[in-house]
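Visitor: I am sharing run13.cif, which consists of mmCIF, C-alpha atoms and all ligand atoms:
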data_target
#
loop_
_atom_site.group_PDB
_atom_site.id
_atom_site.type_symbol
_atom_site.label_atom_id
_atom_site.label_comp_id
_atom_site.auth_asym_id
_atom_site.auth_seq_id
_atom_site.Cartn_x
_atom_site.Cartn_y
_atom_site.Cartn_z
ATOM 1 C CA MET A 1 -27.779 61.010 32.755
ATOM 2 C CA ASP A 2 -28.258 61.068 36.536
ATOM 3 C CA LYS A 3 -25.356 60.309 38.837
ATOM 4 C CA ILE A 4 -25.795 57.678 41.554
ATOM 5 C CA ILE A 5 -23.595 57.232 44.604
ATOM 6 C CA THR A 6 -23.506 53.508 45.299
ATOM 7 C CA GLU A 7 -23.252 52.007 48.785
ATOM 8 C CA ASP A 8 -19.440 51.746 48.775
ATOM 9 C CA GLY A 9 -19.285 55.480 48.027
ATOM 10 C CA SER A 10 -18.329 55.089 44.371
ATOM 11 C CA GLU A 11 -20.050 56.875 41.509
ATOM 12 C CA SER A 12 -22.263 55.327 38.853
ATOM 13 C CA PHE A 13 -25.021 56.576 36.543
ATOM 14 C CA PHE A 14 -28.582 55.739 35.589
ATOM 15 C CA ASN A 15 -29.294 54.996 31.926
ATOM 16 C CA GLU A 16 -32.633 56.410 30.788
ATOM 17 C CA GLU A 17 -32.940 54.276 27.659
ATOM 18 C CA PHE A 18 -32.528 50.972 29.509
ATOM 19 C CA GLN A 19 -34.006 52.272 32.773
ATOM 20 C CA GLU A 20 -31.145 50.701 34.672
ATOM 21 C CA SER A 21 -28.016 51.788 36.513
ATOM 22 C CA TYR A 22 -24.571 50.956 35.149
ATOM 23 C CA HIS A 23 -23.505 49.123 38.299
ATOM 24 C CA SER A 24 -24.845 47.325 41.325
ATOM 25 C CA LYS A 25 -26.291 49.757 43.850
ATOM 26 C CA SER A 26 -24.395 47.900 46.561
ATOM 27 C CA GLY A 27 -21.096 49.240 45.187
ATOM 28 C CA ALA A 28 -19.792 50.014 41.717
ATOM 29 C CA VAL A 29 -16.098 49.692 42.547
ATOM 30 C CA GLU A 30 -16.702 46.725 44.829
ATOM 31 C CA GLU A 31 -18.531 44.946 41.989
ATOM 32 C CA ALA A 32 -15.655 45.583 39.540
ATOM 33 C CA ARG A 33 -13.093 44.306 42.050
ATOM 34 C CA GLU A 34 -14.973 41.296 43.409
ATOM 35 C CA LYS A 35 -17.175 40.056 40.560
ATOM 36 C CA TYR A 36 -14.595 40.651 37.845
ATOM 37 C CA ALA A 37 -10.958 41.262 38.879
ATOM 38 C CA ASN A 38 -10.703 38.952 41.905
ATOM 39 C CA ALA A 39 -12.945 36.370 40.245
ATOM 40 C CA ILE A 40 -10.801 35.864 37.135
ATOM 41 C CA LYS A 41 -7.301 36.392 38.636
ATOM 42 C CA ALA A 42 -5.874 37.615 35.347
ATOM 43 C CA HIS A 43 -2.398 37.924 36.930
ATOM 44 C CA GLU A 44 -2.072 34.139 36.651
ATOM 45 C CA VAL A 45 -1.811 34.406 32.857
ATOM 46 C CA ASN A 46 1.253 35.861 31.194
ATOM 47 C CA SER A 47 0.482 38.641 28.681
ATOM 48 C CA PRO A 48 -3.296 38.277 28.954
ATOM 49 C CA ILE A 49 -5.735 39.375 26.258
ATOM 50 C CA ILE A 50 -8.876 40.786 27.852
ATOM 51 C CA PHE A 51 -12.184 41.802 26.255
ATOM 52 C CA ASP A 52 -14.139 44.392 28.238
ATOM 53 C CA MET A 53 -17.734 43.843 27.140
ATOM 54 C CA PHE A 54 -19.023 46.416 27.907
ATOM 55 C CA PHE A 55 -16.709 49.291 28.800
ATOM 56 C CA GLY A 56 -19.050 51.991 30.195
ATOM 57 C CA LEU A 57 -16.969 53.844 32.805
ATOM 58 C CA GLY A 58 -14.148 51.315 32.417
ATOM 59 C CA TYR A 59 -14.296 50.200 36.058
ATOM 60 C CA ASN A 60 -13.882 46.505 35.238
ATOM 61 C CA THR A 61 -10.817 47.123 33.077
ATOM 62 C CA ALA A 62 -9.299 49.350 35.763
ATOM 63 C CA ALA A 63 -9.938 46.775 38.506
ATOM 64 C CA VAL A 64 -8.351 44.019 36.407
ATOM 65 C CA ILE A 65 -5.239 46.090 35.591
ATOM 66 C CA ASP A 66 -4.836 46.921 39.295
ATOM 67 C CA GLU A 67 -5.210 43.230 40.238
ATOM 68 C CA ILE A 68 -2.576 42.177 37.704
ATOM 69 C CA ARG A 69 -0.026 44.784 38.746
ATOM 70 C CA GLU A 70 -0.676 44.342 42.499
ATOM 71 C CA ASN A 71 0.247 40.680 42.053
ATOM 72 C CA ASN A 72 3.601 41.618 40.564
ATOM 73 C CA ASN A 73 2.734 40.611 37.034
ATOM 74 C CA ASP A 74 4.480 43.237 34.897
ATOM 75 C CA SER A 75 3.737 41.494 31.617
ATOM 76 C CA PHE A 76 2.166 43.101 28.572
ATOM 77 C CA ILE A 77 -1.642 43.434 28.767
ATOM 78 C CA GLU A 78 -3.931 43.747 25.765
ATOM 79 C CA ILE A 79 -7.433 45.105 26.360
ATOM 80 C CA HIS A 80 -10.181 45.262 23.740
ATOM 81 C CA CYS A 81 -12.914 47.633 24.883
ATOM 82 C CA PHE A 82 -16.451 47.467 23.449
ATOM 83 C CA GLU A 83 -18.811 50.408 23.835
ATOM 84 C CA ASN A 84 -21.341 52.252 21.690
ATOM 85 C CA ASP A 85 -22.239 55.347 23.704
ATOM 86 C CA GLU A 86 -20.079 58.482 23.817
ATOM 87 C CA ASN A 87 -22.144 59.931 26.656
ATOM 88 C CA ILE A 88 -20.962 57.347 29.168
ATOM 89 C CA LEU A 89 -17.384 57.662 27.903
ATOM 90 C CA LYS A 90 -17.524 61.415 28.598
ATOM 91 C CA LYS A 91 -18.401 60.592 32.219
ATOM 92 C CA VAL A 92 -15.096 58.714 32.568
ATOM 93 C CA LEU A 93 -13.403 62.112 32.617
ATOM 94 C CA GLU A 94 -15.606 63.257 35.539
ATOM 95 C CA VAL A 95 -15.514 60.356 38.008
ATOM 96 C CA GLU A 96 -12.838 59.437 40.573
ATOM 97 C CA PRO A 97 -13.303 55.762 41.485
ATOM 98 C CA GLY A 98 -9.893 55.404 43.134
ATOM 99 C CA PHE A 99 -8.362 52.688 40.917
ATOM 100 C CA LYS A 100 -4.585 53.102 40.561
ATOM 101 C CA SER A 101 -4.882 52.601 36.799
ATOM 102 C CA TYR A 102 -7.763 55.007 36.266
ATOM 103 C CA LYS A 103 -5.487 57.854 35.138
ATOM 104 C CA LEU A 104 -4.497 55.640 32.229
ATOM 105 C CA ILE A 105 -8.142 54.818 31.458
ATOM 106 C CA LYS A 106 -8.911 58.554 31.366
ATOM 107 C CA GLU A 107 -6.015 59.203 29.014
ATOM 108 C CA PHE A 108 -7.166 56.427 26.652
ATOM 109 C CA VAL A 109 -10.784 57.652 26.659
ATOM 110 C CA LYS A 110 -9.815 61.321 26.257
ATOM 111 C CA ARG A 111 -7.731 60.527 23.177
ATOM 112 C CA PHE A 112 -10.642 58.591 21.725
ATOM 113 C CA LEU A 113 -13.146 61.386 22.410
ATOM 114 C CA ASP A 114 -10.856 64.237 21.315
ATOM 115 C CA SER A 115 -9.347 62.747 18.176
ATOM 116 C CA ASP A 116 -10.971 59.389 17.490
ATOM 117 C CA GLN A 117 -7.726 57.627 18.467
ATOM 118 C CA ARG A 118 -8.777 54.017 18.972
ATOM 119 C CA GLN A 119 -5.467 52.514 19.987
ATOM 120 C CA PHE A 120 -3.345 53.671 22.904
ATOM 121 C CA THR A 121 -0.271 52.029 24.423
ATOM 122 C CA LYS A 122 1.305 53.031 27.721
ATOM 123 C CA ASP A 123 2.854 51.304 30.757
ATOM 124 C CA ASN A 124 3.013 48.011 28.870
ATOM 125 C CA ILE A 125 -0.739 48.027 28.224
ATOM 126 C CA ASN A 126 -2.343 48.214 24.798
ATOM 127 C CA PHE A 127 -5.916 49.530 24.740
ATOM 128 C CA LEU A 128 -8.152 49.154 21.693
ATOM 129 C CA MET A 129 -11.552 50.822 21.401
ATOM 130 C CA TYR A 130 -14.236 48.989 19.406
ATOM 131 C CA PHE A 131 -16.807 51.726 19.169
ATOM 132 C CA GLY A 132 -20.196 50.671 17.816
ATOM 133 C CA ASP A 133 -22.473 47.680 18.099
ATOM 134 C CA ALA A 134 -20.532 44.913 19.789
ATOM 135 C CA THR A 135 -22.764 42.205 18.332
ATOM 136 C CA ARG A 136 -21.386 43.187 14.925
ATOM 137 C CA LEU A 137 -17.845 44.248 15.902
ATOM 138 C CA ILE A 138 -16.998 41.048 17.782
ATOM 139 C CA ARG A 139 -16.821 39.225 14.462
ATOM 140 C CA ASP A 140 -13.983 41.489 13.225
ATOM 141 C CA VAL A 141 -11.725 40.850 16.223
ATOM 142 C CA GLN A 142 -8.518 39.075 15.237
ATOM 143 C CA ASP A 143 -7.257 38.122 18.733
ATOM 144 C CA GLU A 144 -8.603 35.444 21.044
ATOM 145 C CA ALA A 145 -9.372 36.442 24.618
ATOM 146 C CA ASN A 146 -8.044 34.784 27.740
ATOM 147 C CA PHE A 147 -10.652 36.713 29.714
ATOM 148 C CA VAL A 148 -14.004 38.336 28.945
ATOM 149 C CA LEU A 149 -15.552 40.831 31.373
ATOM 150 C CA PHE A 150 -19.183 40.389 30.375
ATOM 151 C CA ASP A 151 -21.196 43.294 31.733
ATOM 152 C CA PRO A 152 -24.204 44.293 29.589
ATOM 153 C CA PHE A 153 -27.421 45.705 30.972
ATOM 154 C CA SER A 154 -29.551 42.990 32.543
ATOM 155 C CA PRO A 155 -31.165 40.106 30.628
ATOM 156 C CA LYS A 156 -34.558 41.677 31.363
ATOM 157 C CA LYS A 157 -33.591 45.094 29.987
ATOM 158 C CA HIS A 158 -31.240 44.042 27.190
ATOM 159 C CA PRO A 159 -32.041 40.428 26.243
ATOM 160 C CA ALA A 160 -30.179 40.478 22.890
ATOM 161 C CA MET A 161 -26.859 40.519 24.752
ATOM 162 C CA TRP A 162 -27.538 37.258 26.562
ATOM 163 C CA ILE A 163 -28.606 34.902 23.794
ATOM 164 C CA PHE A 164 -27.383 32.946 20.827
ATOM 165 C CA PRO A 165 -25.888 34.018 18.364
ATOM 166 C CA PHE A 166 -24.023 36.779 20.237
ATOM 167 C CA LEU A 167 -22.853 34.490 23.054
ATOM 168 C CA LYS A 168 -21.629 31.994 20.469
ATOM 169 C CA ASP A 169 -19.680 34.747 18.678
ATOM 170 C CA VAL A 170 -18.064 35.728 21.985
ATOM 171 C CA ASN A 171 -17.193 32.096 22.739
ATOM 172 C CA ASN A 172 -15.643 31.750 19.256
ATOM 173 C CA LYS A 173 -13.235 34.603 20.044
ATOM 174 C CA MET A 174 -11.827 33.044 23.214
ATOM 175 C CA VAL A 175 -8.954 30.627 23.772
ATOM 176 C CA LYS A 176 -9.857 27.154 25.019
ATOM 177 C CA GLY A 177 -9.875 27.389 28.809
ATOM 178 C CA GLY A 178 -10.611 31.118 28.577
ATOM 179 C CA ILE A 179 -12.747 32.593 31.354
ATOM 180 C CA LEU A 180 -15.822 34.786 31.032
ATOM 181 C CA ALA A 181 -17.049 36.538 34.191
ATOM 182 C CA THR A 182 -20.458 38.116 34.566
ATOM 183 C CA TYR A 183 -22.527 39.492 37.415
ATOM 184 C CA SER A 184 -25.656 37.563 36.392
ATOM 185 C CA CYS A 185 -26.503 34.175 37.839
ATOM 186 C CA ALA A 186 -29.876 33.900 36.063
ATOM 187 C CA LYS A 187 -30.823 30.314 35.163
ATOM 188 C CA GLU A 188 -31.600 31.292 31.585
ATOM 189 C CA VAL A 189 -28.221 33.032 31.190
ATOM 190 C CA ARG A 190 -26.335 30.017 32.520
ATOM 191 C CA LYS A 191 -28.304 27.706 30.234
ATOM 192 C CA ASN A 192 -27.406 29.854 27.208
ATOM 193 C CA LEU A 193 -23.741 29.978 28.213
ATOM 194 C CA GLU A 194 -23.685 26.177 28.459
ATOM 195 C CA LEU A 195 -25.409 25.882 25.092
ATOM 196 C CA VAL A 196 -22.654 27.824 23.315
ATOM 197 C CA GLY A 197 -19.789 25.858 24.860
ATOM 198 C CA PHE A 198 -19.042 27.093 28.377
ATOM 199 C CA THR A 199 -18.965 25.220 31.665
ATOM 200 C CA VAL A 200 -20.470 27.448 34.347
ATOM 201 C CA LYS A 201 -19.985 27.783 38.078
ATOM 202 C CA ASP A 202 -20.777 30.299 40.797
ATOM 203 C CA GLY A 203 -18.680 33.438 40.913
ATOM 204 C CA PRO A 204 -18.096 35.374 44.126
ATOM 205 C CA ILE A 205 -20.973 36.559 46.292
ATOM 206 C CA VAL A 206 -20.619 40.260 47.013
ATOM 207 C CA GLY A 207 -22.411 41.736 50.022
ATOM 208 C CA ARG A 208 -25.842 40.237 50.346
ATOM 209 C CA ASN A 209 -26.230 39.813 46.591
ATOM 210 C CA SER A 210 -26.426 36.527 44.709
ATOM 211 C CA PRO A 211 -23.262 35.082 43.143
ATOM 212 C CA GLY A 212 -21.999 36.070 39.734
ATOM 213 C CA THR A 213 -21.129 33.466 37.101
ATOM 214 C CA ILE A 214 -17.762 32.196 35.944
ATOM 215 C CA ALA A 215 -17.958 30.497 32.559
ATOM 216 C CA VAL A 216 -14.988 28.520 31.244
ATOM 217 C CA LYS A 217 -14.698 27.780 27.542
ATOM 218 C CA THR A 218 -14.564 24.034 27.254
ATOM 219 C CA GLU A 219 -15.511 23.505 23.594
HETATM 220 C C1 LIG A 301 -23.909 47.789 32.490
HETATM 221 S S1 LIG A 301 -23.118 48.919 31.440
HETATM 222 C C2 LIG A 301 -21.414 48.502 31.590
HETATM 223 C C3 LIG A 301 -20.727 49.093 32.795
HETATM 224 C C4 LIG A 301 -19.236 49.048 32.699
HETATM 225 N N1 LIG A 301 -18.712 47.714 32.703
HETATM 226 C C5 LIG A 301 -18.564 49.918 33.734
HETATM 227 O O1 LIG A 301 -17.677 49.444 34.452
HETATM 228 O O2 LIG A 301 -18.926 51.091 33.839
HETATM 229 C C6 LIG A 301 -23.484 48.329 29.819
HETATM 230 C C7 LIG A 301 -22.807 49.117 28.712
HETATM 231 O O3 LIG A 301 -23.124 48.513 27.451
HETATM 232 C C8 LIG A 301 -23.161 49.546 26.464
HETATM 233 N N2 LIG A 301 -23.883 48.990 25.304
HETATM 234 C C9 LIG A 301 -25.211 48.742 25.198
HETATM 235 N N3 LIG A 301 -25.500 48.169 24.014
HETATM 236 C C10 LIG A 301 -24.319 48.028 23.344
HETATM 237 C C11 LIG A 301 -23.959 47.490 22.069
HETATM 238 N N4 LIG A 301 -24.876 46.961 21.250
HETATM 239 N N5 LIG A 301 -22.660 47.530 21.693
HETATM 240 C C12 LIG A 301 -21.719 48.055 22.529
HETATM 241 N N6 LIG A 301 -21.999 48.579 23.760
HETATM 242 C C13 LIG A 301 -23.284 48.551 24.165
HETATM 243 C C14 LIG A 301 -23.843 50.676 27.189
HETATM 244 O O4 LIG A 301 -23.606 51.923 26.576
HETATM 245 C C15 LIG A 301 -23.263 50.570 28.590
HETATM 246 O O5 LIG A 301 -22.158 51.411 28.744
#
Mind turning the file's structure into structure tokens?
Ligand SMILES: C[S@@+](CC[C@H](N)C(=O)[O-])C[C@H]1O[C@@H](n2cnc3c(N)ncnc32)[C@H](O)[C@@H]1O
Guide:
Amino acid sequence: MDKIITEDGSESFFNEEFQESYHSKSGAVEEAREKYANAIKAHEVNSPIIFDMFFGLGYNTAAVIDEIRENNNDSFIEIHCFENDENILKKVLEVEPGFKSYKLIKEFVKRFLDSDQRQFTKDNINFLMYFGDATRLIRDVQDEANFVLFDPFSPKKHPAMWIFPFLKDVNNKMVKGGILATYSCAKEVRKNLELVGFTVKDGPIVGRNSPGTIAVKTE
């Protein structure tokens, strides 16, 4: 797996199977902060339940934890992390993206890799690892999410992640009014999100890129 230094100086990788990088070339950390953490403002919800779909290097989770704590929300946070590739999880132990919470992310991932520990609680945060195919595992989740960080490979490279029935299964596991954030603003993606019960609007524009999408569960 080749390392990439993105334009904000943060590290990402290139995935050979999907022929795509894990993050926007314009900035991996910037994308996590702007398109996910600052877009959803998770600090506004007390004791939020967050689904990180898909975890990768855990940048989106780290950015969201930082945003919550920086806004003086000390409440309990529950994070369900979906991932199916140990190779990218191993890279978590090598990168230094500069998030305040990344030490915690490393500890959670190390315990999972070393001893298959899938649940880890520290600093009032409960992490759960759903390791395997998320399209199957989502159906076993008991909790309902206030927020979903929806970050698969692109619709072109990984179309199964962006269509019914998976999107419907994700929608079913969210509270009414719950917010899903994604980097994609593709017409087809937005149409599918609307079809399964979301109302969609533009997310933040980062750099010279197009906006992401914020989808609110209305049905
Ligand atoms: C664009 S990357 C996510 C980047 C991540 N959010 C981060 O901050 O590093 C997409 C991720 O989806 C994972 N993935 C692909 N297919 C999956 C599946 N069926 N179930 C669970 N994870 C999957 C890949 O291994 C990859 O880590």
Visitor: For this file, the PyMOL selection byres (((not hetatm)) within 6 of (chain A and resi 301)) selects which residues, as a list in words?
Guide: Tyr22, His23, Phe54, Phe55, Gly56, Leu57, Gly58, Tyr59, Asn60, Phe82, Glu83, Asn84, Asp85, Gly132, Asp133, Ala134, Thr135, Asp151, Pro152 and Phe153 of chain A
Visitor: So which residues touch Leu104 (chain A) within 10 Å, counting only C-alpha atoms, skipping near sequence neighbours fewer than 5 positions away, as a list in words?
Guide: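 Counting only C-alpha atoms, the residues come to Ala62, Phe99, Val109, Lys110, Phe120, Thr121, Lys122, Asp123, Ile125 and Phe127 of chain A.
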Visitor: Please identify every residue of region 54-146 of chain A that has at least one atom no farther than 7 Å from an atom of region 174-190 of chain A, counting all atoms listed in the file, and for each give the shortest atom pair and the distance in Å to one decimal, arranged by chain then increasing number, as CSV.
Guide:
residue,atom,partner,partner_atom,distance
A:Glu144,CA,A:Met174,CA,4.6
A:Ala145,CA,A:Met174,CA,4.4
A:Asn146,CA,A:Gly178,CA,4.6
Visitor: Can you spell out as a short mmCIF file (atom, residue, chain, number, x, y, z; two decimals) with C-alpha atoms, in the frame of the given file the set of residues that the PyMOL selection byres (((chain A and resi 93) around 10) and not hetatm) selects in the structure I just provided?
Guide:
data_model
loop_
_atom_site.label_atom_id
_atom_site.label_comp_id
_atom_site.auth_asym_id
_atom_site.auth_seq_id
_atom_site.Cartn_x
_atom_site.Cartn_y
_atom_site.Cartn_z
CA LEU A 57 -16.97 53.84 32.80
CA ILE A 88 -20.96 57.35 29.17
CA LEU A 89 -17.38 57.66 27.90
CA LYS A 90 -17.52 61.42 28.60
CA LYS A 91 -18.40 60.59 32.22
CA VAL A 92 -15.10 58.71 32.57
CA GLU A 94 -15.61 63.26 35.54
CA VAL A 95 -15.51 60.36 38.01
CA GLU A 96 -12.84 59.44 40.57
CA TYR A 102 -7.76 55.01 36.27
CA LYS A 103 -5.49 57.85 35.14
CA ILE A 105 -8.14 54.82 31.46
CA LYS A 106 -8.91 58.55 31.37
CA GLU A 107 -6.02 59.20 29.01
CA VAL A 109 -10.78 57.65 26.66
CA LYS A 110 -9.82 61.32 26.26
#
Visitor: To one decimal in Å, tell me the separation between CA of Asn126 (chain A) and CA of Asn171 (chain A).
Guide: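 Separating CA of Asn126 (chain A) from CA of Asn171 (chain A) is a distance of 22.0 Å.
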Visitor: Report as a PyMOL selection string the residues that result from applying the PyMOL selection byres (((chain A and resi 42-53) around 6) and not hetatm) to the structure here.
Guide: chain A and resi 40-41+54-55+68+73+75-82+145-151
Visitor: Looking at only C-alpha atoms, which of A:Glu194, A:Gly9, A:Lys156, A:Glu86 is the one that sits closest to Tyr130 (chain A)?
Guide: A:Glu86
Visitor: Report, in Å with one decimal, the straight-line distance from CA of Val216 (chain A) to CA of Leu193 (chain A).
Guide: 9.4 Å
Visitor: In Å, how far is it from CA of Ser154 (chain A) to CA of Gly203 (chain A)?
Guide: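 Taking CA of Ser154 (chain A) and CA of Gly203 (chain A), their separation equals 16.7 Å.
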Visitor: Using all atoms listed in the file, can you tell me which of A:Lys168, A:Pro211, A:Asp2, A:Lys157 comes closest to Phe198 (chain A)?
Guide: A:Lys168
Visitor: Please put the answer as lines of an AutoDock Vina configuration file: centre and edge lengths, in Å with one decimal, of a box along x, y and z that encloses all listed atoms of region 199-212 of chain A plus 5 Å on each side.
Guide:
center_x = -22.3
center_y = 33.5
center_z = 41.0
size_x = 18.3
size_y = 26.5
size_z = 28.7
Visitor: For Ile65 (chain A), which residue out of A:Val200, A:Ala32, A:Leu128, A:Ile205 is the nearest one, using all atoms listed in the file?
Guide: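 Of A:Val200, A:Ala32, A:Leu128, A:Ile205, the one nearest Ile65 (chain A) is A:Ala32, counting all atoms listed in the file.
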Visitor: Could I see region 123-136 of chain A restored to N, CA, C and O atoms, set down as a CSV table (one decimal), in the frame of the given file?
Guide:
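Result written to selection33.csv:
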chain,number,residue,atom,x,y,z
A,123,ASP,N,2.6,52.2,29.6
A,123,ASP,CA,2.9,51.3,30.8
A,123,ASP,C,2.7,49.8,30.4
A,123,ASP,O,2.1,49.1,31.3
A,124,ASN,N,3.1,49.4,29.2
A,124,ASN,CA,3.0,48.0,28.9
A,124,ASN,C,1.6,47.5,28.7
A,124,ASN,O,1.3,46.3,29.0
A,125,ILE,N,0.7,48.4,28.4
A,125,ILE,CA,-0.7,48.0,28.2
A,125,ILE,C,-1.2,48.6,26.9
A,125,ILE,O,-0.9,49.8,26.6
A,126,ASN,N,-1.8,47.7,26.1
A,126,ASN,CA,-2.3,48.2,24.8
A,126,ASN,C,-3.9,48.2,24.9
A,126,ASN,O,-4.5,47.2,25.1
A,127,PHE,N,-4.5,49.4,24.7
A,127,PHE,CA,-5.9,49.5,24.7
A,127,PHE,C,-6.4,49.7,23.3
A,127,PHE,O,-5.8,50.5,22.5
A,128,LEU,N,-7.5,49.0,23.0
A,128,LEU,CA,-8.2,49.2,21.7
A,128,LEU,C,-9.6,49.5,21.9
A,128,LEU,O,-10.3,48.8,22.7
A,129,MET,N,-10.1,50.5,21.3
A,129,MET,CA,-11.6,50.8,21.4
A,129,MET,C,-12.3,50.3,20.2
A,129,MET,O,-12.0,50.7,19.0
A,130,TYR,N,-13.3,49.4,20.4
A,130,TYR,CA,-14.2,49.0,19.4
A,130,TYR,C,-15.5,49.8,19.6
A,130,TYR,O,-16.3,49.4,20.5
A,131,PHE,N,-15.7,50.9,18.9
A,131,PHE,CA,-16.8,51.7,19.2
A,131,PHE,C,-17.9,51.4,18.2
A,131,PHE,O,-17.7,51.5,17.0
A,132,GLY,N,-19.1,51.0,18.7
A,132,GLY,CA,-20.2,50.7,17.8
A,132,GLY,C,-20.9,49.5,18.4
A,132,GLY,O,-20.7,49.1,19.6
A,133,ASP,N,-21.7,48.8,17.6
A,133,ASP,CA,-22.5,47.7,18.1
A,133,ASP,C,-21.6,46.4,18.3
A,133,ASP,O,-21.1,45.9,17.3
A,134,ALA,N,-21.4,46.0,19.5
A,134,ALA,CA,-20.5,44.9,19.8
A,134,ALA,C,-21.0,43.6,19.1
A,134,ALA,O,-20.2,42.8,18.8
A,135,THR,N,-22.3,43.5,18.9
A,135,THR,CA,-22.8,42.2,18.3
A,135,THR,C,-22.3,42.1,16.9
A,135,THR,O,-22.1,41.0,16.4
A,136,ARG,N,-21.9,43.2,16.3
A,136,ARG,CA,-21.4,43.2,14.9
A,136,ARG,C,-19.9,43.2,15.0
A,136,ARG,O,-19.2,42.4,14.3
